[in-house]
file protein-v8.txt (compact mmCIF, C-alpha atoms and all ligand atoms)
# COMPACT_ATOMS: atom_id res chain seq x y z
CA MET V 1 80.17 84.50 109.86
CA ASN V 2 79.86 87.68 107.86
CA PRO V 3 80.10 86.71 104.17
CA PHE V 4 81.62 90.08 103.26
CA SER V 5 85.26 90.81 103.86
CA TYR V 6 87.14 94.08 103.62
CA GLY V 7 90.42 95.54 104.73
CA THR V 8 92.75 92.80 103.64
CA VAL V 9 93.44 90.90 100.49
CA VAL V 10 90.41 88.81 99.51
CA ARG V 11 90.74 85.29 98.17
CA GLY V 12 88.67 82.24 97.42
CA ASP V 13 84.94 82.76 97.79
CA TYR V 14 85.34 86.35 98.84
CA PHE V 15 86.86 87.28 95.50
CA TYR V 16 84.81 87.68 92.31
CA ASP V 17 85.26 88.74 88.69
CA ARG V 18 88.53 90.29 87.33
CA LYS V 19 88.99 87.32 85.04
CA GLU V 20 89.89 89.36 81.96
CA GLU V 21 92.34 91.50 83.89
CA CYS V 22 93.86 88.43 85.46
CA ASP V 23 94.31 86.67 82.12
CA ARG V 24 95.87 89.71 80.54
CA ILE V 25 98.40 90.18 83.33
CA VAL V 26 99.29 86.48 83.33
CA ALA V 27 99.75 86.51 79.55
CA THR V 28 101.87 89.67 79.56
CA LEU V 29 104.19 88.42 82.28
CA SER V 30 104.52 84.87 81.04
CA ASN V 31 105.32 86.22 77.58
CA GLY V 32 108.35 87.95 79.01
CA ASN V 33 107.12 91.51 79.47
CA ASN V 34 107.02 93.75 82.50
CA MET V 35 103.84 95.42 83.63
CA VAL V 36 102.58 98.25 85.77
CA LEU V 37 99.09 98.16 87.23
CA PHE V 38 97.26 101.40 87.91
CA ALA V 39 94.11 101.84 89.97
CA PRO V 40 92.96 104.19 92.70
CA ARG V 41 93.15 103.06 96.28
CA ARG V 42 91.09 100.14 97.40
CA TYR V 43 90.04 99.00 93.98
CA GLY V 44 91.43 95.52 94.58
CA LYS V 45 94.91 95.65 93.06
CA THR V 46 96.62 93.47 95.64
CA SER V 47 93.80 90.91 95.67
CA LEU V 48 93.93 90.71 91.88
CA VAL V 49 97.68 90.24 91.98
CA PHE V 50 97.35 87.38 94.47
CA ARG V 51 95.00 85.71 92.03
CA VAL V 52 97.54 86.32 89.25
CA ILE V 53 100.25 84.72 91.41
CA GLU V 54 98.12 81.60 91.89
CA GLN V 55 97.75 81.25 88.13
CA LEU V 56 101.39 81.90 87.35
CA GLU V 57 102.47 79.37 89.96
CA GLU V 58 100.09 76.79 88.51
CA MET V 59 101.97 77.32 85.24
CA GLY V 60 105.21 76.50 87.04
CA HIS V 61 106.61 80.02 87.40
CA THR V 62 108.12 81.32 90.62
CA CYS V 63 106.50 84.48 91.98
CA VAL V 64 108.21 86.65 94.56
CA TYR V 65 105.88 89.21 96.15
CA MET V 66 107.26 92.14 98.09
CA ASP V 67 105.45 95.08 99.63
CA PHE V 68 107.46 98.30 99.60
CA LEU V 69 105.36 99.96 102.28
CA PRO V 70 107.42 98.86 105.31
CA VAL V 71 110.72 99.59 103.56
CA TYR V 72 112.41 102.61 105.10
CA SER V 73 116.06 102.26 104.02
CA ILE V 74 118.26 100.38 101.59
CA GLU V 75 119.23 98.06 104.44
CA SER V 76 115.59 97.26 105.18
CA PHE V 77 114.95 96.74 101.46
CA VAL V 78 117.72 94.16 101.34
CA GLY V 79 116.27 92.39 104.39
CA PHE V 80 112.71 92.28 103.04
CA TYR V 81 113.79 91.38 99.53
CA LEU V 82 115.97 88.48 100.59
CA HIS V 83 113.21 87.22 102.85
CA ALA V 84 110.66 87.40 100.01
CA ILE V 85 113.07 85.55 97.69
CA GLU V 86 113.90 82.95 100.30
CA LYS V 87 110.23 82.13 100.91
CA LYS V 88 109.96 80.87 97.35
CA GLN V 89 113.02 78.63 97.31
CA ASN V 90 112.58 74.96 97.95
CA ASN V 91 116.28 74.22 97.99
CA LEU V 92 117.77 76.36 100.76
CA LYS V 93 121.23 74.87 100.34
CA ARG V 94 121.28 76.06 96.74
CA LEU V 95 120.08 79.49 97.86
CA VAL V 96 122.87 79.75 100.42
CA GLN V 97 125.40 78.68 97.81
CA ILE V 98 124.24 81.21 95.25
CA ILE V 99 124.03 84.09 97.73
CA THR V 100 127.54 83.25 98.93
CA ASN V 101 128.81 83.34 95.35
CA VAL V 102 126.94 86.42 94.21
CA VAL V 103 126.74 88.76 97.18
CA LYS V 104 130.15 89.33 98.71
CA ASN V 105 129.13 91.10 101.88
CA ILE V 106 126.21 88.99 102.98
CA ARG V 107 126.72 85.76 104.83
CA PRO V 108 123.71 83.49 104.57
CA LYS V 109 123.22 81.01 107.39
CA LEU V 110 121.36 77.75 107.43
CA SER V 111 120.38 76.37 110.81
CA PHE V 112 117.82 73.85 112.03
CA ASP V 113 114.95 74.39 114.45
CA SER V 114 114.03 71.94 117.20
CA ASN V 115 111.99 69.87 114.73
CA GLY V 116 114.90 69.60 112.37
CA ASN V 117 113.41 72.01 109.82
CA PRO V 118 115.96 74.19 108.02
CA GLU V 119 115.91 77.91 108.82
CA PHE V 120 117.47 80.59 106.71
CA GLY V 121 119.10 83.73 108.09
CA ILE V 122 121.43 86.40 106.83
CA ASP V 123 124.28 88.26 108.32
CA LEU V 124 124.99 91.64 106.79
CA THR V 125 128.66 92.33 107.22
CA GLU V 126 128.11 96.01 106.34
CA SER V 127 126.03 98.14 108.69
CA ILE V 128 125.42 100.44 105.72
CA VAL V 129 124.73 98.51 102.55
CA SER V 130 127.04 99.66 99.75
CA VAL V 131 125.93 100.26 96.18
CA GLN V 132 127.94 97.17 95.22
CA THR V 133 126.02 94.96 97.65
CA LEU V 134 122.68 96.40 96.55
CA SER V 135 123.60 95.76 92.95
CA GLU V 136 124.55 92.16 93.73
CA VAL V 137 121.31 91.59 95.65
CA LEU V 138 119.33 92.85 92.65
CA ASP V 139 121.20 90.31 90.48
CA LEU V 140 120.03 87.41 92.63
CA PRO V 141 116.69 86.53 90.96
CA GLU V 142 118.42 86.06 87.61
CA LYS V 143 121.15 83.94 89.16
CA LEU V 144 118.56 81.85 91.00
CA ALA V 145 116.33 81.29 87.98
CA GLN V 146 116.01 77.64 86.96
CA PRO V 147 116.13 76.57 83.30
CA GLY V 148 112.76 76.71 81.59
CA LYS V 149 111.13 78.53 84.51
CA LYS V 150 110.36 82.17 84.79
CA THR V 151 110.66 84.24 87.92
CA ILE V 152 108.18 87.05 88.38
CA ILE V 153 108.98 89.72 90.92
CA ILE V 154 105.99 91.66 92.19
CA PHE V 155 106.59 94.99 93.85
CA ASP V 156 103.50 96.32 95.63
CA GLU V 157 103.32 99.97 96.71
CA PHE V 158 106.21 100.45 94.33
CA GLN V 159 105.97 104.26 94.42
CA GLU V 160 107.63 104.04 97.84
CA ILE V 161 110.92 103.36 96.09
CA THR V 162 111.21 107.13 95.72
CA LYS V 163 111.93 107.29 99.45
CA LEU V 164 115.15 105.47 98.77
CA ASN V 165 117.09 108.06 96.85
CA LYS V 166 120.42 106.64 97.88
CA TYR V 167 122.66 105.35 95.09
CA GLY V 168 120.07 106.24 92.45
CA PHE V 169 118.18 103.09 93.42
CA GLU V 170 115.54 103.66 90.75
CA SER V 171 118.08 103.78 87.90
CA LEU V 172 120.04 100.87 89.32
CA LEU V 173 116.97 98.66 89.49
CA ARG V 174 115.90 99.70 86.01
CA SER V 175 119.29 98.81 84.56
CA LYS V 176 119.14 95.37 86.20
CA ILE V 177 115.63 94.73 84.95
CA GLN V 178 116.67 95.51 81.39
CA LYS V 179 119.43 92.94 81.46
CA GLN V 180 117.63 90.06 83.14
CA GLU V 181 116.39 87.41 80.76
CA HIS V 182 114.57 85.02 83.05
CA VAL V 183 112.95 87.52 85.35
CA ASN V 184 109.95 89.77 84.77
CA TYR V 185 108.47 92.40 86.97
CA LEU V 186 104.98 93.49 87.95
CA PHE V 187 104.66 96.87 89.64
CA LEU V 188 101.63 98.22 91.42
CA GLY V 189 100.79 100.80 94.01
CA SER V 190 98.06 102.86 95.56
CA ARG V 191 99.47 106.33 94.87
CA THR V 192 98.50 106.46 91.25
CA HIS V 193 99.88 109.91 90.57
CA LEU V 194 103.35 109.00 91.88
CA LEU V 195 103.37 105.75 89.95
CA ASN V 196 102.16 107.55 86.86
CA ASP V 197 105.03 109.99 87.07
CA MET V 198 107.55 107.16 87.49
CA PHE V 199 106.39 105.35 84.35
CA ASN V 200 105.27 108.24 82.15
CA ASN V 201 107.83 110.93 82.79
CA LYS V 202 110.63 110.93 80.22
CA ASN V 203 113.14 111.98 82.83
CA ARG V 204 112.51 109.05 85.12
CA ALA V 205 114.38 105.74 85.01
CA PHE V 206 111.24 103.63 84.60
CA TYR V 207 109.89 105.63 81.65
CA ASN V 208 108.51 103.24 79.03
CA SER V 209 109.78 100.19 80.87
CA ALA V 210 106.54 98.29 81.33
CA SER V 211 103.24 97.71 79.68
CA HIS V 212 100.46 99.66 81.41
CA MET V 213 97.15 98.40 82.65
CA GLN V 214 94.40 100.32 84.37
CA ILE V 215 91.83 98.56 86.51
CA GLY V 216 88.43 100.10 87.07
CA PRO V 217 85.50 99.38 89.41
CA LEU V 218 84.04 95.89 89.44
CA PRO V 219 81.22 95.39 86.86
CA HIS V 220 77.79 96.10 88.34
CA ASP V 221 76.16 92.93 87.04
CA GLU V 222 78.76 90.74 88.71
CA THR V 223 78.59 92.72 91.91
CA ILE V 224 74.81 92.43 92.06
CA VAL V 225 74.99 88.66 91.60
CA PHE V 226 77.71 88.46 94.27
CA LEU V 227 75.68 90.53 96.75
CA GLN V 228 72.48 88.59 96.11
CA GLU V 229 74.21 85.24 96.47
CA LYS V 230 76.04 86.14 99.66
CA PHE V 231 73.00 87.69 101.33
CA GLY V 232 70.95 84.74 100.06
CA LEU V 233 73.15 82.28 101.97
CA SER V 234 71.82 83.82 105.18
CA GLY V 235 68.24 83.95 103.91
CA ILE V 236 68.42 87.69 103.22
CA ASP V 237 66.88 89.14 100.07
CA ILE V 238 68.23 92.19 98.25
CA GLY V 239 66.51 93.35 95.07
CA THR V 240 68.52 94.37 92.02
CA GLN V 241 67.72 98.08 92.40
CA LEU V 242 68.71 98.03 96.05
CA ALA V 243 71.93 96.20 95.30
CA LEU V 244 72.66 98.97 92.79
CA TYR V 245 71.79 101.56 95.41
CA LEU V 246 74.27 99.91 97.81
CA ILE V 247 76.98 100.07 95.12
CA GLU V 248 76.22 103.72 94.50
CA GLN V 249 76.35 104.59 98.21
CA SER V 250 79.78 102.96 98.32
CA GLY V 251 81.12 105.23 95.59
CA ASP V 252 81.41 102.16 93.31
CA ILE V 253 84.67 101.29 95.06
CA PRO V 254 85.20 97.56 95.77
CA TYR V 255 86.42 98.00 99.35
CA TYR V 256 83.49 100.23 100.39
CA ILE V 257 80.96 97.95 98.70
CA GLN V 258 82.14 95.12 100.94
CA LEU V 259 82.26 97.38 103.98
CA LEU V 260 78.69 98.58 103.51
CA ALA V 261 77.43 95.10 102.63
CA ALA V 262 79.05 93.73 105.80
CA GLU V 263 77.33 96.44 107.85
CA VAL V 264 73.94 95.73 106.23
CA TRP V 265 74.39 91.98 106.84
CA GLN V 266 75.21 92.65 110.49
CA TYR V 267 72.13 94.84 110.82
CA MET V 268 69.86 92.28 109.18
CA ILE V 269 71.11 89.01 110.52
CA THR V 270 69.21 88.95 113.78
CA SER V 271 65.79 89.99 112.56
CA GLN V 272 65.09 91.16 109.03
CA ALA V 273 64.83 89.22 105.80
CA LEU V 274 64.42 91.91 103.16
CA VAL V 275 66.92 94.72 102.58
CA THR V 276 65.24 98.10 102.17
CA LYS V 277 66.53 101.54 101.20
CA GLU V 278 65.96 102.70 104.78
CA ILE V 279 68.18 99.92 106.09
CA ILE V 280 71.00 100.81 103.67
CA ASP V 281 70.66 104.48 104.64
CA ALA V 282 70.78 103.60 108.33
CA CYS V 283 73.94 101.56 107.76
CA VAL V 284 75.63 104.38 105.85
CA LYS V 285 74.77 106.70 108.70
CA ARG V 286 76.17 104.27 111.21
CA ILE V 287 79.47 103.89 109.35
CA VAL V 288 79.85 107.67 109.19
CA GLU V 289 79.06 107.97 112.89
CA LEU V 290 81.59 105.32 113.80
CA LYS V 291 84.30 107.17 111.91
CA GLN V 292 83.15 110.64 112.90
CA ASP V 293 86.01 111.46 115.29
CA TYR V 294 88.59 110.47 112.73
CA TYR V 295 86.80 112.42 110.00
CA PHE V 296 86.58 115.53 112.18
CA GLU V 297 90.27 115.43 112.82
CA LEU V 298 91.10 114.74 109.20
CA TYR V 299 89.05 117.71 108.04
CA ASP V 300 90.39 119.98 110.77
CA HIS V 301 93.93 119.29 109.69
CA GLN V 302 93.37 120.66 106.20
CA SER V 303 94.31 124.21 105.19
CA VAL V 304 91.55 126.62 104.23
CA MET V 305 92.29 126.08 100.53
CA GLN V 306 92.19 122.32 100.89
CA LYS V 307 88.90 122.54 102.76
CA GLN V 308 87.46 124.68 100.00
CA LEU V 309 88.57 122.23 97.37
CA LEU V 310 87.09 119.31 99.33
CA LYS V 311 83.78 121.13 99.54
CA ALA V 312 83.86 121.71 95.79
CA LEU V 313 84.68 118.06 95.14
CA ILE V 314 81.51 117.00 96.93
CA GLN V 315 79.66 118.49 93.96
CA GLY V 316 81.90 117.19 91.21
CA GLY V 317 85.50 116.80 90.12
CA ASP V 318 85.62 117.47 86.35
CA ASN V 319 87.69 120.33 84.94
CA ILE V 320 88.68 121.52 88.37
CA PHE V 321 91.35 123.88 87.03
CA SER V 322 88.97 125.69 84.69
CA ALA V 323 87.93 129.31 85.25
CA ASN V 324 84.36 128.12 85.48
CA TYR V 325 85.04 125.66 88.31
CA THR V 326 87.21 128.19 90.17
CA LYS V 327 84.44 130.76 89.97
CA ARG V 328 81.58 128.46 90.81
CA TYR V 329 83.20 127.14 93.97
CA ARG V 330 84.94 130.39 94.87
CA LEU V 331 88.39 128.84 94.77
CA SER V 332 91.60 130.84 94.50
CA ALA V 333 93.73 130.72 91.37
CA ALA V 334 94.24 127.43 89.55
CA SER V 335 97.84 127.35 90.80
CA THR V 336 96.57 127.27 94.41
CA THR V 337 94.13 124.50 93.52
CA GLN V 338 97.02 122.61 91.98
CA LYS V 339 98.93 122.77 95.27
CA SER V 340 95.91 121.63 97.26
CA VAL V 341 95.38 118.77 94.83
CA LEU V 342 98.95 117.57 95.32
CA VAL V 343 98.71 117.64 99.12
CA LEU V 344 95.32 115.89 99.15
CA MET V 345 96.47 113.28 96.64
CA ASP V 346 99.67 112.64 98.59
CA SER V 347 97.72 111.99 101.74
CA GLY V 348 95.31 109.74 99.85
CA ILE V 349 92.27 111.91 100.66
CA ILE V 350 91.45 112.46 97.03
CA ASP V 351 92.15 110.41 93.94
CA LYS V 352 91.73 110.69 90.22
CA THR V 353 90.43 108.53 87.41
CA ASP V 354 90.79 109.76 83.84
CA ASN V 355 90.46 113.46 84.36
CA CYS V 356 88.03 113.45 87.22
CA TYR V 357 89.06 114.03 90.82
CA PHE V 358 87.07 112.54 93.68
CA ILE V 359 87.11 112.10 97.46
CA SER V 360 88.58 108.63 97.98
CA ASP V 361 86.39 107.59 100.89
CA PRO V 362 82.66 107.87 100.03
CA PHE V 363 81.79 107.93 103.74
CA PHE V 364 84.16 110.83 104.34
CA LYS V 365 82.39 112.54 101.46
CA ARG V 366 79.10 111.84 103.18
CA PHE V 367 80.47 113.27 106.41
CA LEU V 368 81.61 116.41 104.57
CA GLN V 369 78.17 116.85 103.05
CA ASN V 370 76.79 117.27 106.56
CA TYR V 371 79.67 118.98 108.24
CA ALA V 372 81.61 121.11 105.77
CA LEU V 373 79.01 123.80 105.14
N1 LIG V 401 87.65 91.13 93.13
C1 LIG V 401 87.16 91.43 94.34
N2 LIG V 401 86.14 90.73 94.88
C2 LIG V 401 85.62 91.04 96.09
N3 LIG V 401 86.07 92.06 96.85
C3 LIG V 401 87.07 92.80 96.38
C4 LIG V 401 87.68 92.53 95.11
N4 LIG V 401 88.65 93.43 94.93
C5 LIG V 401 88.66 94.22 96.02
N5 LIG V 401 87.74 93.85 96.90
C6 LIG V 401 87.44 94.54 98.18
O1 LIG V 401 88.34 95.62 98.32
C7 LIG V 401 89.18 95.45 99.46
C8 LIG V 401 90.56 95.98 99.17
O2 LIG V 401 91.22 95.12 98.25
P1 LIG V 401 92.77 95.22 98.01
O3 LIG V 401 93.50 95.38 99.28
O4 LIG V 401 93.13 94.10 97.11
O5 LIG V 401 92.81 96.60 97.19
P2 LIG V 401 94.05 97.54 96.84
O6 LIG V 401 93.68 98.25 95.56
O7 LIG V 401 95.31 96.75 96.84
O8 LIG V 401 94.00 98.55 98.06
P3 LIG V 401 95.12 99.61 98.53
O9 LIG V 401 94.97 100.75 97.59
O10 LIG V 401 94.69 99.96 99.92
O11 LIG V 401 96.45 98.91 98.45
C9 LIG V 401 89.13 93.97 99.78
O12 LIG V 401 89.37 93.74 101.15
C10 LIG V 401 87.69 93.64 99.39
O13 LIG V 401 86.81 94.05 100.41
MG MG V 402 97.10 97.04 97.90
call {"tool": "encode", "arguments": {"input": "protein-v8.txt", "output": "structure tokens"}}
result
Amino acid sequence: MNPFSYGTVVRGDYFYDRKEECDRIVATLSNGNNMVLFAPRRYGKTSLVFRVIEQLEEMGHTCVYMDFLPVYSIESFVGFYLHAIEKKQNNLKRLVQIITNVVKNIRPKLSFDSNGNPEFGIDLTESIVSVQTLSEVLDLPEKLAQPGKKTIIIFDEFQEITKLNKYGFESLLRSKIQKQEHVNYLFLGSRTHLLNDMFNNKNRAFYNSASHMQIGPLPHDETIVFLQEKFGLSGIDIGTQLALYLIEQSGDIPYYIQLLAAEVWQYMITSQALVTKEIIDACVKRIVELKQDYYFELYDHQSVMQKQLLKALIQGGDNIFSANYTKRYRLSAASTTQKSVLVLMDSGIIDKTDNCYFISDPFFKRFLQNYAL
């Protein structure tokens, strides 16, 4: 089996490093603070948070994880949230009791499956959830909290809350969070700029409401050891310089490192024993070829300005609003670049760390190097 995994959350042997980050998040949350985690796409936020959950649960805390991505309305939020809360309750009778007492317009049901195992369900008496019901649902974690135990609510892809403008959801949630004594919150998401605005803009409800943490790429030393060990298990050798080369070709982004390593492993497993630069190059080429149709379409869909900016970003992404950059890459005015940046960031095509913009997918960048002349 391929020892490299990408695309979903990685756990166990597939996960390495992030110990410091993990310890800091665990300490912050268990000390009663809220936290927001920033990192560009595919840096390993969700995987890290799953590791954090394991540690917090070992300490006896209850962790409720909810992904905001599939949420499309207040009603769906209520459904997903109650389901996430329910998953972490070991006493369903108590849960039913508390929901009945706290949330007027939701009727929880407890039934039994054919094996006699209890099953939890809810009946929303309102087809459109009222602000009162939403408010009561948000009170639930505090009402459910057990003495001496903390509840940690984890909202992944939290920027998606902005889709739910109804009832000033953001302000309502913030006001609840401020009052809850036994519940802390961890927020994370892949649209860094939206999340940044939520937590750093004075006019937004979540301004100053959580301690910030940025996660960067995985350390090279650890990644090299990880690559060498994993390849080694299949009798494949990769020298330190070549492991570094693989990291570089993957844009130093955790997801793409695993993707390229998996491709190299696949290439090697039947015949070769020593990874060479030519093999890594061939694998990069193959990944780009496999995604070529998608990349063509993606590029074609961009406006002329966006295409120009993408071409410029192949060369570098520092000071992109400066007169110098505009002139060098024959871009229009900085205000036009600003608009292109927003569109490309919103669609996840580009990202930003510190003040440097970059094309999120290193293989799309590679494709553009050949195609976008
Ligand atoms: N600590 C790690 N050890 C090994 N691989 C990792 C690690 N962190 C991330 N990865 C790689 O990156 C991939 C994406 O990880 P994950 O889904 O946790 O990132 P994310 O930042 O939540 O992504 P998204 O922005 O898409 O939500 C994983 O499938 C794995 O290949
Ligand atoms: Mg994620």
call {"tool": "residues_near_ligand", "arguments": {"input": "protein-v8.txt", "ligand": "ligand MG 402 (chain V)", "cutoff": "7 Å", "atoms": "all atoms listed in the file", "output": "list of chain:residue names"}}
result
V:Arg42, V:Gly44, V:Lys45, V:Thr46, V:Asp156, V:Glu157, V:Gly189, V:Ser190
call {"tool": "residues_near_ligand", "arguments": {"input": "protein-v8.txt", "ligand": "ligand LIG 401 (chain V)", "cutoff": "8 Å", "atoms": "only C-alpha atoms and all ligand atoms", "output": "JSON, numbers by chain"}}
result
{"V": [4, 5, 6, 7, 8, 9, 10, 11, 14, 15, 16, 17, 18, 39, 40, 41, 42, 43, 44, 45, 46, 47, 48, 49, 157, 189, 190, 191, 218, 253, 254, 255, 256, 257, 258, 259]}
call {"tool": "residues_near_point", "arguments": {"input": "protein-v8.txt", "point": "(109.2, 94.6, 90.5)", "cutoff": "6 Å", "atoms": "only C-alpha atoms", "output": "PDB file with C-alpha atoms, in the frame of the given file"}}
result
ATOM      1  CA  ILE V 153     108.980  89.720  90.920  1.00  0.00           C
ATOM      2  CA  ILE V 154     105.990  91.660  92.190  1.00  0.00           C
ATOM      3  CA  PHE V 155     106.590  94.990  93.850  1.00  0.00           C
ATOM      4  CA  TYR V 185     108.470  92.400  86.970  1.00  0.00           C
ATOM      5  CA  LEU V 186     104.980  93.490  87.950  1.00  0.00           C
ATOM      6  CA  PHE V 187     104.660  96.870  89.640  1.00  0.00           C
TER       7      PHE V 187
END
call {"tool": "axis_aligned_box", "arguments": {"input": "protein-v8.txt", "around": "segment 133-148 of chain V", "padding_each_side": "8 Å", "output": "lines of an AutoDock Vina configuration file"}}
result
center_x = 119.4
center_y = 86.5
center_z = 89.6
size_x = 29.3
size_y = 35.8
size_z = 32.1
call {"tool": "residues_around", "arguments": {"input": "protein-v8.txt", "residues": "segment 50-56 of chain V", "least_positions_apart": "4", "cutoff": "10 Å", "atoms": "all atoms listed in the file", "output": "list of chain:residue names"}}
result
V:Val9, V:Val10, V:Arg11, V:Gly12, V:Phe15, V:Arg18, V:Lys19, V:Glu21, V:Cys22, V:Asp23, V:Arg24, V:Ile25, V:Val26, V:Ala27, V:Leu29, V:Ser30, V:Lys45, V:Thr46, V:Gly60, V:His61, V:Thr62, V:Cys63, V:Val64, V:Tyr65, V:Lys150, V:Thr151, V:Ile152, V:Ile154
call {"tool": "residues_near_point", "arguments": {"input": "protein-v8.txt", "point": "(81.9, 90.5, 108.7)", "cutoff": "8 Å", "atoms": "all atoms listed in the file", "output": "JSON, numbers by chain"}}
result
{"V": [1, 2, 3, 4, 5, 262, 263, 265, 266]}
call {"tool": "residues_around", "arguments": {"input": "protein-v8.txt", "residues": "segment 240-245 of chain V", "least_positions_apart": "6", "cutoff": "10 Å", "atoms": "only C-alpha atoms", "output": "ChimeraX atom specification"}}
result
/V:220-221,223-228,252,257,261,275-277,280-281
call {"tool": "atom_distance", "arguments": {"input": "protein-v8.txt", "atom1": "atom CA of Leu233 of chain V", "atom2": "atom CA of Asp13 of chain V"}}
result
12.5 Å
call {"tool": "atom_distance", "arguments": {"input": "protein-v8.txt", "atom1": "atom CA of Val288 of chain V", "atom2": "atom CA of Phe367 of chain V"}}
result
6.3 Å
call {"tool": "residues_around", "arguments": {"input": "protein-v8.txt", "residues": "Val36 of chain V", "least_positions_apart": "6", "cutoff": "8 Å", "atoms": "only C-alpha atoms", "output": "list in words"}}
result
Leu186, Phe187, Leu188, Ala210, Ser211, His212 and Met213 of chain V
call {"tool": "residues_around", "arguments": {"input": "protein-v8.txt", "residues": "Arg94 of chain V", "least_positions_apart": "3", "cutoff": "12 Å", "atoms": "only C-alpha atoms", "output": "list of chain:residue names"}}
result
V:Glu86, V:Gln89, V:Asn90, V:Asn91, V:Gln97, V:Ile98, V:Ile99, V:Thr100, V:Asn101, V:Pro108, V:Lys109, V:Leu110, V:Phe120, V:Lys143, V:Leu144, V:Ala145, V:Gln146
call {"tool": "write_last_selection", "arguments": {"input": "protein-v8.txt", "atoms": "C-alpha atoms", "output": "mmCIF file, keeping the file's coordinate frame"}}
result
data_model
loop_
_atom_site.group_PDB
_atom_site.id
_atom_site.type_symbol
_atom_site.label_atom_id
_atom_site.label_comp_id
_atom_site.auth_asym_id
_atom_site.auth_seq_id
_atom_site.Cartn_x
_atom_site.Cartn_y
_atom_site.Cartn_z
ATOM 1 C CA GLU V 86 113.900 82.950 100.300
ATOM 2 C CA GLN V 89 113.020 78.630 97.310
ATOM 3 C CA ASN V 90 112.580 74.960 97.950
ATOM 4 C CA ASN V 91 116.280 74.220 97.990
ATOM 5 C CA GLN V 97 125.400 78.680 97.810
ATOM 6 C CA ILE V 98 124.240 81.210 95.250
ATOM 7 C CA ILE V 99 124.030 84.090 97.730
ATOM 8 C CA THR V 100 127.540 83.250 98.930
ATOM 9 C CA ASN V 101 128.810 83.340 95.350
ATOM 10 C CA PRO V 108 123.710 83.490 104.570
ATOM 11 C CA LYS V 109 123.220 81.010 107.390
ATOM 12 C CA LEU V 110 121.360 77.750 107.430
ATOM 13 C CA PHE V 120 117.470 80.590 106.710
ATOM 14 C CA LYS V 143 121.150 83.940 89.160
ATOM 15 C CA LEU V 144 118.560 81.850 91.000
ATOM 16 C CA ALA V 145 116.330 81.290 87.980
ATOM 17 C CA GLN V 146 116.010 77.640 86.960
#
call {"tool": "atom_distance", "arguments": {"input": "protein-v8.txt", "atom1": "atom CA of Asp123 of chain V", "atom2": "atom CA of Ile106 of chain V"}}
result
5.7 Å
call {"tool": "build_atoms", "arguments": {"input": "protein-v8.txt", "residues": "segment 29-41 of chain V", "atoms": "N, CA and C atoms", "output": "PDB file, in the frame of the given file"}}
result
ATOM      1  N   LEU V  29     103.006  88.792  81.521  1.00  0.00           N
ATOM      2  CA  LEU V  29     104.190  88.420  82.280  1.00  0.00           C
ATOM      3  C   LEU V  29     104.794  87.113  81.774  1.00  0.00           C
ATOM      4  N   SER V  30     103.926  86.140  81.461  1.00  0.00           N
ATOM      5  CA  SER V  30     104.520  84.870  81.040  1.00  0.00           C
ATOM      6  C   SER V  30     105.079  84.955  79.622  1.00  0.00           C
ATOM      7  N   ASN V  31     104.700  86.021  78.893  1.00  0.00           N
ATOM      8  CA  ASN V  31     105.320  86.220  77.580  1.00  0.00           C
ATOM      9  C   ASN V  31     106.608  87.039  77.669  1.00  0.00           C
ATOM     10  N   GLY V  32     107.036  87.308  78.863  1.00  0.00           N
ATOM     11  CA  GLY V  32     108.350  87.950  79.010  1.00  0.00           C
ATOM     12  C   GLY V  32     108.320  89.467  79.063  1.00  0.00           C
ATOM     13  N   ASN V  33     107.163  90.045  79.351  1.00  0.00           N
ATOM     14  CA  ASN V  33     107.120  91.510  79.470  1.00  0.00           C
ATOM     15  C   ASN V  33     106.925  91.941  80.917  1.00  0.00           C
ATOM     16  N   ASN V  34     107.259  93.178  81.177  1.00  0.00           N
ATOM     17  CA  ASN V  34     107.020  93.750  82.500  1.00  0.00           C
ATOM     18  C   ASN V  34     105.727  94.544  82.458  1.00  0.00           C
ATOM     19  N   MET V  35     105.140  94.757  83.621  1.00  0.00           N
ATOM     20  CA  MET V  35     103.840  95.420  83.630  1.00  0.00           C
ATOM     21  C   MET V  35     103.672  96.321  84.838  1.00  0.00           C
ATOM     22  N   VAL V  36     102.935  97.403  84.636  1.00  0.00           N
ATOM     23  CA  VAL V  36     102.580  98.250  85.770  1.00  0.00           C
ATOM     24  C   VAL V  36     101.052  98.365  85.823  1.00  0.00           C
ATOM     25  N   LEU V  37     100.545  98.198  87.025  1.00  0.00           N
ATOM     26  CA  LEU V  37      99.090  98.160  87.230  1.00  0.00           C
ATOM     27  C   LEU V  37      98.653  99.437  87.938  1.00  0.00           C
ATOM     28  N   PHE V  38      97.737 100.157  87.308  1.00  0.00           N
ATOM     29  CA  PHE V  38      97.260 101.400  87.910  1.00  0.00           C
ATOM     30  C   PHE V  38      95.815 101.246  88.378  1.00  0.00           C
ATOM     31  N   ALA V  39      95.504 101.740  89.527  1.00  0.00           N
ATOM     32  CA  ALA V  39      94.110 101.840  89.970  1.00  0.00           C
ATOM     33  C   ALA V  39      94.106 102.680  91.233  1.00  0.00           C
ATOM     34  N   PRO V  40      93.033 103.431  91.455  1.00  0.00           N
ATOM     35  CA  PRO V  40      92.960 104.190  92.700  1.00  0.00           C
ATOM     36  C   PRO V  40      92.992 103.261  93.908  1.00  0.00           C
ATOM     37  N   ARG V  41      93.079 103.850  95.058  1.00  0.00           N
ATOM     38  CA  ARG V  41      93.150 103.060  96.280  1.00  0.00           C
ATOM     39  C   ARG V  41      91.906 102.194  96.440  1.00  0.00           C
TER      40      ARG V  41
END
